[in-house]
Amino acid sequence: MDGGQNEVVGMKFAFLFCGWIAVVAVGMKARGAELYDSEPLMPIPEITLEGDQDKVLLGALLFYDKRLSKDNTVSCTTCHDLNKGGADGKIHSHGVSGSEGEINAPTVFNSTFNFRQFWDGRAKTLEEQIDGPLQNPKEMGSIWSDVVLKLKADPKIQQLFKQLYKEGVTAANIKNAIATFERTLITPHARFDKFLKGDTKALSDFEKLGYQRFKIYGCVACHQGVNVGGNMFQNMGVMGNYFKDRGTPLTNSDFGRFRVTREEQDRFVFRVPTLRNIELTPPYFHDGSAKTLEDAVTVMTKYQLGRKISKEERDSIVAFLKTLTGQPPKSLKLLKRVERP
């Protein structure tokens with residue numbers, strides 16, 4: 001199932017799930033482990049780097065390597081800064097020759113848990129996703145044949161590839177190494193994860209109240225699972241005309257999944273973003289129009305849920321969202337052991 005069909009199913013699920021979760025959650029006290037099996041959110045699993053450590057290190061080197069861009073000025077970290085929650089903190093990212101992109105860069109952290117990559121979901125895998133920025137003229141502006149030649153000219157890089165891949169330096173192997181590294185960029189041990197596992201003191205009463213409201217009001221209809229999102233498509237403006245009220249002209253990126261499927265029902269449809277580490281990655285939405293988490297919650301409750309909430313309600317939900325900030329990925333510690341390009 002794909003495109004419009006997927007979005008329609010997602011819409012139906014959202015409204016049905018919203019009604020179900022409201023019934024379940026009313027009057028419920030957030031208790032922790034005894035509710036874990038019935039919770040719509042799940043803690044991030046632990047991972048080990050054993051066995052793939054060399055490939056992870058190579059992928060990390062490439063993630064920082066500016067030679068992947070046409071003019072050797074842009075790396076993956078330009079738009080996905082691992083010190084800024086895996087994003088760049090800009091409304092639109094900037095690429096080669098200072099060109100400005102058209103969309104807000106999503107975080108690379110926990111992207112392995114997304115069912116599709118990009119806001120419009122056009123890539124099914126992390127390997128496939130890498131083609132997009134590398135060949136986009138406003139991002140890296142490069143072509144694979146040039147990248148391969150650059151890396152083959154580096155004896156150290158060439159030797160690392162020969163040790164790990166029979167074919168040596170190829171486009172497919174470059175993508176595999178980077179994607180292997182990206183799959184390690186998960187952020188476990190958020191306070192909310194500890195709460196789900198039974199530590200009832202991991203959250204304050206106000207944060208627990210925010211989580212109850214997150215469920216009761218219907219936010220969890222689209223934001224659930226391990227990644228608190230990232231597993232379905234949804235229309236931007238279910239309960240109101242977000243783009244009309246935004247007050248700025250439509251851009252190509254506003255059409256969302258429609259650009260992929262050309263199906264009218266996919267116009268303004270986007271992959272639901274993860275809420276993991278959300279406090280670290282402003283501005284918000286595909287257009288970067290929400291400067292703060294408070295702004296984002298207000299907009300979402302109005303246009304996705306048709307609800308006007310008070311400041312106290314909003315602040316409690318924001319407080320809960322901040323408990324989704326996890327620990328830095330383990331693989332970042334490996335970077336201290338290698339010399340970056």
# chains A, B, ... in the order shown; residues from 1 in each chain; ligands from 1
call {"tool": "residues_around", "arguments": {"residues": "A:Gly59", "least_positions_apart": "3", "cutoff": "7 Å", "atoms": "only C-alpha atoms", "output": "list in words"}}
result
Lys55, Val56, Leu62, Phe63, Ala177, Ile178, Thr180 and Phe181 of chain A
call {"tool": "closest_residue", "arguments": {"among": "A:Asn176, A:Thr274, A:Ser142, A:Ser69", "to": "A:Glu128", "atoms": "only C-alpha atoms"}}
result
A:Asn176
call {"tool": "closest_residue", "arguments": {"among": "A:His189, A:Arg257, A:Arg116, A:Lys291", "to": "A:Pro329", "atoms": "only C-alpha atoms"}}
result
A:His189
call {"tool": "select_by_dssp", "arguments": {"residues": "stretch 47-281 of chain A", "states": "strand (DSSP E)", "output": "PDB file with N, CA and C atoms, in the first residue's frame"}}
result
ATOM      1  N   PHE A 233       1.555   8.625   7.493  1.00  0.00           N
ATOM      2  CA  PHE A 233       1.369   9.910   6.818  1.00  0.00           C
ATOM      3  C   PHE A 233       0.139  10.592   7.398  1.00  0.00           C
ATOM      4  N   GLN A 234       0.141  11.940   7.349  1.00  0.00           N
ATOM      5  CA  GLN A 234      -1.012  12.686   7.823  1.00  0.00           C
ATOM      6  C   GLN A 234      -1.106  14.022   7.097  1.00  0.00           C
ATOM      7  N   ASN A 235      -2.325  14.482   6.952  1.00  0.00           N
ATOM      8  CA  ASN A 235      -2.585  15.777   6.328  1.00  0.00           C
ATOM      9  C   ASN A 235      -2.238  16.904   7.287  1.00  0.00           C
ATOM     10  N   VAL A 269       0.052  16.374   2.476  1.00  0.00           N
ATOM     11  CA  VAL A 269       0.240  15.209   3.338  1.00  0.00           C
ATOM     12  C   VAL A 269       1.738  15.001   3.581  1.00  0.00           C
ATOM     13  N   PHE A 270       2.092  14.741   4.843  1.00  0.00           N
ATOM     14  CA  PHE A 270       3.492  14.578   5.221  1.00  0.00           C
ATOM     15  C   PHE A 270       3.672  13.362   6.123  1.00  0.00           C
ATOM     16  N   ARG A 271       4.891  12.857   6.156  1.00  0.00           N
ATOM     17  CA  ARG A 271       5.207  11.837   7.146  1.00  0.00           C
ATOM     18  C   ARG A 271       5.182  12.505   8.522  1.00  0.00           C
TER      19      ARG A 271
END
call {"tool": "closest_residue", "arguments": {"among": "A:Thr281, A:Thr251, A:Arg183, A:Gln224", "to": "A:Asp81", "atoms": "only C-alpha atoms"}}
result
A:Thr281
call {"tool": "closest_residue", "arguments": {"among": "A:Val297, A:Ile44, A:Leu58, A:Met140", "to": "A:Gln163", "atoms": "only C-alpha atoms"}}
result
A:Leu58
call {"tool": "select_by_dssp", "arguments": {"residues": "stretch 44-210 of chain A", "states": "alpha helix (DSSP H)", "output": "PyMOL selection string"}}
result
chain A and resi 53-63+76-79+126-135+144-152+155-164+171-182+191-196+205-210
call {"tool": "residues_around", "arguments": {"residues": "A:Ser316", "least_positions_apart": "5", "cutoff": "7 Å", "atoms": "only C-alpha atoms", "output": "compact mmCIF listing (two decimals) with all heavy atoms, in the first residue's frame"}}
result
# COMPACT_ATOMS: atom_id res chain seq x y z
N PHE A 206 3.32 17.10 37.00
CA PHE A 206 2.92 17.97 35.90
C PHE A 206 3.24 17.32 34.57
O PHE A 206 2.46 17.41 33.61
CB PHE A 206 3.63 19.32 36.03
CG PHE A 206 3.08 20.40 35.14
CD1 PHE A 206 1.75 20.76 35.18
CD2 PHE A 206 3.92 21.08 34.26
CE1 PHE A 206 1.24 21.77 34.37
CE2 PHE A 206 3.43 22.09 33.45
CZ PHE A 206 2.08 22.43 33.50
N GLU A 207 4.37 16.66 34.47
CA GLU A 207 4.75 15.96 33.24
C GLU A 207 3.82 14.78 32.98
O GLU A 207 3.44 14.52 31.83
CB GLU A 207 6.20 15.50 33.33
CG GLU A 207 7.19 16.66 33.30
CD GLU A 207 8.58 16.28 33.78
OE1 GLU A 207 8.73 15.21 34.42
OE2 GLU A 207 9.52 17.05 33.53
N LEU A 209 0.73 14.63 33.93
CA LEU A 209 -0.52 15.24 33.50
C LEU A 209 -0.43 15.59 32.02
O LEU A 209 -1.39 15.39 31.26
CB LEU A 209 -0.80 16.49 34.33
CG LEU A 209 -2.04 17.31 33.96
CD1 LEU A 209 -3.30 16.46 34.12
CD2 LEU A 209 -2.12 18.58 34.81
N GLY A 210 0.71 16.12 31.60
CA GLY A 210 0.90 16.44 30.19
C GLY A 210 0.80 15.21 29.31
O GLY A 210 0.23 15.26 28.21
